[in-house]
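Enquirer: Got a structure here, written out as structure tokens. Questions coming.
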Amino acid sequence: MAYRVLGRAGPPQPRRARRLLFAFTLSLSCTYLCYSFLCCCDGLGQSRLLGAPRCLRSPSVSGQKLLAKSRPCDPPGPTPSEPSAPSAPAAAAPAPRFSGSNHSGSPKVGTKRLPQALIVGVKKGGTRAVLEFIRVHPDVRALGTEPHFFDRNYGRGLDWYRSLMPRTLETQITLEKTPSYFVTQEAPRRIFNMSRDTKLIVVVRNPVTRAISDYTQTLSKKPDIPTFEGLSFRNRSLGLVDVSWNAIRIGMYALHLESWLRYFPLAQIHFVSGERLITDPAGEMGRIQDFLGIKRFITDKHFYFNKTKGFPCLKKPESTLLPRCLGKSKGRTHVQIDPEVIDQLREFYRPYNIKFYETVGQDFRWE
């Protein structure tokens, strides 16, 4: 029998021997690959040795698929704009959302703060106009809707109230408007408890004209209500005015002001003339800006008088765009009232008006 000597050429190896050698080599390769894989990442996906992001593996993956589809560990510190790839062909996880970013993905600027200034009244006095005009100022951010926190929603708490506010920079003023605060008995104390430094803006108007405007608005929503005369008097022949009707009671400004002066000094309350707001909007807005301690940015260049509505509208200086006016409900035509009823109401309001003038040190000339 002939024997093959090692190191010398001989006949080809049997097929079985070649298969055993290939299997042995493949086994060593797989063992080395698996060992490397386990050293890189554990079963939860967190690298034990390098602190790298966790690799994902599936227990159902066979050795052949592992060789074909295995990938190195993800680089450390994935950024929000580059989320880690999902480990399975299931639907991709949504990108993370951050509280400090807006819909465009850029960071939100500023912080939500409790308001430093409030437009507290009065209804149908011109508060919406003041709000829209002052929002033009770059140093003022105002809530567009009326939150009614200090009269209807106080139980929700200050955190809820703050969450409604627009974001502001340190140099900006947060402001909101709810006209019913002025006639709410608890509002002065509640606002004082929030901040004794709050600045208050009250827009007032001839109380008779204000009551008619209030009635006109209600009539547009409830056409079946009684007449203005019927609601205004308990007994017209005796001149007994019904002060329980809210449209009449709101105009008793001196009475409501007493509650505010128990908590806030007069210097912290600014009174705006609703009449002058129409005839001289730039002048009234200039005084409001002075009261808030901000630059007089809003001037006569920002206003255009709409003769149809009988009200000033906002415009951008040196712009060809049409002026922006208040909604259709503003500047509506008042219902016609008997002149004798108007005279009786003027007499009723006269002592309240005089006391109001004396208290605030300003004559609004409503007589």
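Residue numbers start at 1 in each chain; chains themselves are named A, B, ... in the order of the structure tokens; ligands are numbered from 1 in the order shown.
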Enumerate the residues of stretch 96-285 of chain A with a DSSP assignment of alpha helix (DSSP H), computed from the backbone, and present them as a PyMOL selection string.

Expert: chain A and resi 127-134+158-164+187-194+207-221+228-232+246-249+253-261+274-279+281-285

Enquirer: Counting only C-alpha atoms, what is within 12 Å of stretch 246-250 of chain A, bar same-chain residues fewer than 2 positions away, as JSON, numbers by chain?

Expert: {"A": [121, 122, 123, 124, 125, 179, 180, 181, 182, 183, 184, 204, 205, 206, 207, 208, 209, 210, 211, 212, 213, 214, 215, 216, 217, 218, 228, 229, 231, 232, 233, 234, 241, 242, 243, 244, 252, 253, 254, 255, 256, 257, 345, 346, 348, 349, 352]}

Enquirer: Name the residues in contact with A:Phe291 at a cut-off of 9 Å, using only C-alpha atoms, excluding same-chain residues fewer than 6 positions from it; report them as a tab-separated table (two decimals) with all heavy atoms, in the first residue's frame.

Expert:
chain	number	residue	atom	x	y	z
A	199	LYS	N	-50.76	96.46	35.85
A	199	LYS	CA	-51.29	97.72	35.32
A	199	LYS	C	-52.66	97.46	34.70
A	199	LYS	O	-52.85	96.49	33.97
A	199	LYS	CB	-50.32	98.30	34.29
A	199	LYS	CG	-49.00	98.75	34.89
A	199	LYS	CD	-48.13	99.44	33.85
A	199	LYS	CE	-46.84	99.96	34.50
A	199	LYS	NZ	-45.99	100.70	33.53
A	268	GLN	N	-52.01	103.30	39.06
A	268	GLN	CA	-51.88	102.02	38.37
A	268	GLN	C	-53.07	101.72	37.47
A	268	GLN	O	-53.13	100.65	36.86
A	268	GLN	CB	-51.73	100.88	39.39
A	268	GLN	CG	-50.35	100.24	39.37
A	268	GLN	CD	-50.18	99.25	40.49
A	268	GLN	OE1	-49.76	99.60	41.59
A	268	GLN	NE2	-50.50	98.00	40.23
A	269	ILE	N	-53.99	102.66	37.36
A	269	ILE	CA	-55.18	102.48	36.53
A	269	ILE	C	-55.21	103.60	35.48
A	269	ILE	O	-55.16	104.78	35.83
A	269	ILE	CB	-56.47	102.51	37.36
A	269	ILE	CG1	-56.37	101.53	38.54
A	269	ILE	CG2	-57.68	102.17	36.50
A	269	ILE	CD1	-57.57	101.59	39.49
A	270	HIS	N	-55.28	103.23	34.22
A	270	HIS	CA	-55.33	104.21	33.14
A	270	HIS	C	-56.70	104.17	32.49
A	270	HIS	O	-57.20	103.11	32.10
A	270	HIS	CB	-54.26	103.91	32.09
A	270	HIS	CG	-54.27	104.89	30.95
A	270	HIS	ND1	-53.84	106.19	31.08
A	270	HIS	CD2	-54.66	104.74	29.66
A	270	HIS	CE1	-53.96	106.81	29.92
A	270	HIS	NE2	-54.46	105.96	29.04

Enquirer: Which residues are close to A:Ile201, i.e. within 12 Å by only C-alpha atoms, leaving aside same-chain residues fewer than 3 positions away? Reply as a ChimeraX atom specification.

Expert: /A:116-122,125-127,130-131,134,175-179,181-182,198,204,260,266-273,284-285,287-289,291-292

Enquirer: Can you work out the spacing between atom CA of A:Cys325 and atom CA of A:Tyr304 in Å, to one decimal?

Expert: 9.0 Å

Enquirer: Give me, as a compact mmCIF listing (two decimals) with all heavy atoms, in the first residue's frame, all polymer residues having an atom no more than 9 Å from A:Leu326, counting only C-alpha atoms and skipping those fewer than 6 positions away in the same chain.

Expert:
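Result written to selection.txt:
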# COMPACT_ATOMS: atom_id res chain seq x y z
N ARG A 128 -62.05 96.22 22.44
CA ARG A 128 -61.52 95.43 21.32
C ARG A 128 -60.62 96.30 20.44
O ARG A 128 -59.57 95.84 19.97
CB ARG A 128 -62.67 94.83 20.50
CG ARG A 128 -62.24 94.15 19.19
CD ARG A 128 -61.20 93.08 19.36
NE ARG A 128 -61.66 91.98 20.20
CZ ARG A 128 -60.94 90.89 20.44
NH1 ARG A 128 -59.71 90.77 19.93
NH2 ARG A 128 -61.40 89.93 21.20
N ALA A 129 -61.02 97.54 20.24
CA ALA A 129 -60.19 98.44 19.44
C ALA A 129 -58.84 98.68 20.10
O ALA A 129 -57.79 98.62 19.44
CB ALA A 129 -60.92 99.77 19.24
N GLU A 132 -56.66 95.53 19.65
CA GLU A 132 -56.13 95.36 18.30
C GLU A 132 -55.08 96.42 17.98
O GLU A 132 -54.08 96.13 17.30
CB GLU A 132 -57.27 95.42 17.29
CG GLU A 132 -58.25 94.27 17.38
CD GLU A 132 -57.57 92.92 17.18
OE1 GLU A 132 -56.66 92.81 16.35
OE2 GLU A 132 -57.96 91.96 17.89
N PHE A 311 -65.36 104.61 12.13
CA PHE A 311 -64.38 104.10 13.09
C PHE A 311 -63.01 104.05 12.44
O PHE A 311 -62.91 103.78 11.24
CB PHE A 311 -64.81 102.70 13.55
CG PHE A 311 -64.35 102.35 14.93
CD1 PHE A 311 -65.10 102.72 16.04
CD2 PHE A 311 -63.17 101.67 15.13
CE1 PHE A 311 -64.69 102.39 17.31
CE2 PHE A 311 -62.74 101.35 16.41
CZ PHE A 311 -63.50 101.71 17.50
N PRO A 312 -61.93 104.29 13.20
CA PRO A 312 -60.59 104.20 12.62
C PRO A 312 -60.19 102.75 12.38
O PRO A 312 -60.56 101.85 13.14
CB PRO A 312 -59.69 104.84 13.69
CG PRO A 312 -60.45 104.68 14.97
CD PRO A 312 -61.90 104.75 14.61
N CYS A 313 -59.45 102.54 11.32
CA CYS A 313 -58.94 101.22 10.97
C CYS A 313 -57.41 101.26 10.98
O CYS A 313 -56.80 102.32 10.81
CB CYS A 313 -59.43 100.78 9.59
SG CYS A 313 -61.23 100.70 9.44
N LEU A 314 -56.81 100.10 11.17
CA LEU A 314 -55.35 100.01 11.21
C LEU A 314 -54.78 99.89 9.80
O LEU A 314 -55.37 99.25 8.92
CB LEU A 314 -54.93 98.78 12.01
CG LEU A 314 -54.94 98.90 13.53
CD1 LEU A 314 -54.70 97.52 14.14
CD2 LEU A 314 -53.89 99.87 14.01

Enquirer: Can you check which residues of stretch 223-312 of chain A DSSP gives as strand (DSSP E or B) on the backbone and send them as a PyMOL selection string?

Expert: chain A and resi 233-235+240-241+269-273+303-306+311-312

Enquirer: Could you save the residues just selected, with C-alpha atoms, as a PDB file, in the first residue's frame?

Expert:
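After the write, part-v8.pdb holds the following:
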ATOM      1  CA  PHE A 233     -87.074 101.663  33.811  1.00  0.00           C
ATOM      2  CA  ARG A 234     -88.995 100.097  36.616  1.00  0.00           C
ATOM      3  CA  ASN A 235     -91.400 103.042  36.397  1.00  0.00           C
ATOM      4  CA  LEU A 240     -87.224 104.954  38.435  1.00  0.00           C
ATOM      5  CA  VAL A 241     -84.326 103.397  36.538  1.00  0.00           C
ATOM      6  CA  ILE A 269     -55.182 102.481  36.528  1.00  0.00           C
ATOM      7  CA  HIS A 270     -55.326 104.213  33.140  1.00  0.00           C
ATOM      8  CA  PHE A 271     -58.659 105.452  31.800  1.00  0.00           C
ATOM      9  CA  VAL A 272     -59.188 105.633  28.043  1.00  0.00           C
ATOM     10  CA  SER A 273     -61.887 107.805  26.502  1.00  0.00           C
ATOM     11  CA  PHE A 303     -54.675 104.784  11.311  1.00  0.00           C
ATOM     12  CA  TYR A 304     -57.176 105.372   8.564  1.00  0.00           C
ATOM     13  CA  PHE A 305     -60.687 106.630   9.310  1.00  0.00           C
ATOM     14  CA  ASN A 306     -63.389 104.515   7.715  1.00  0.00           C
ATOM     15  CA  PHE A 311     -64.385 104.102  13.089  1.00  0.00           C
ATOM     16  CA  PRO A 312     -60.591 104.198  12.624  1.00  0.00           C
TER      17      PRO A 312
END

Enquirer: Return the single residue from A:Val202, A:Asp300, A:Arg262, A:Lys295 that is closest to A:Asp280, with distances computed using only C-alpha atoms.

Expert: A:Asp300

Enquirer: Using only C-alpha atoms, which residue out of A:Ala142, A:Ile337, A:Leu114, A:Ile173 lies closest to A:Leu158?

Expert: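 Closest to A:Leu158 of all the choices is A:Leu114.
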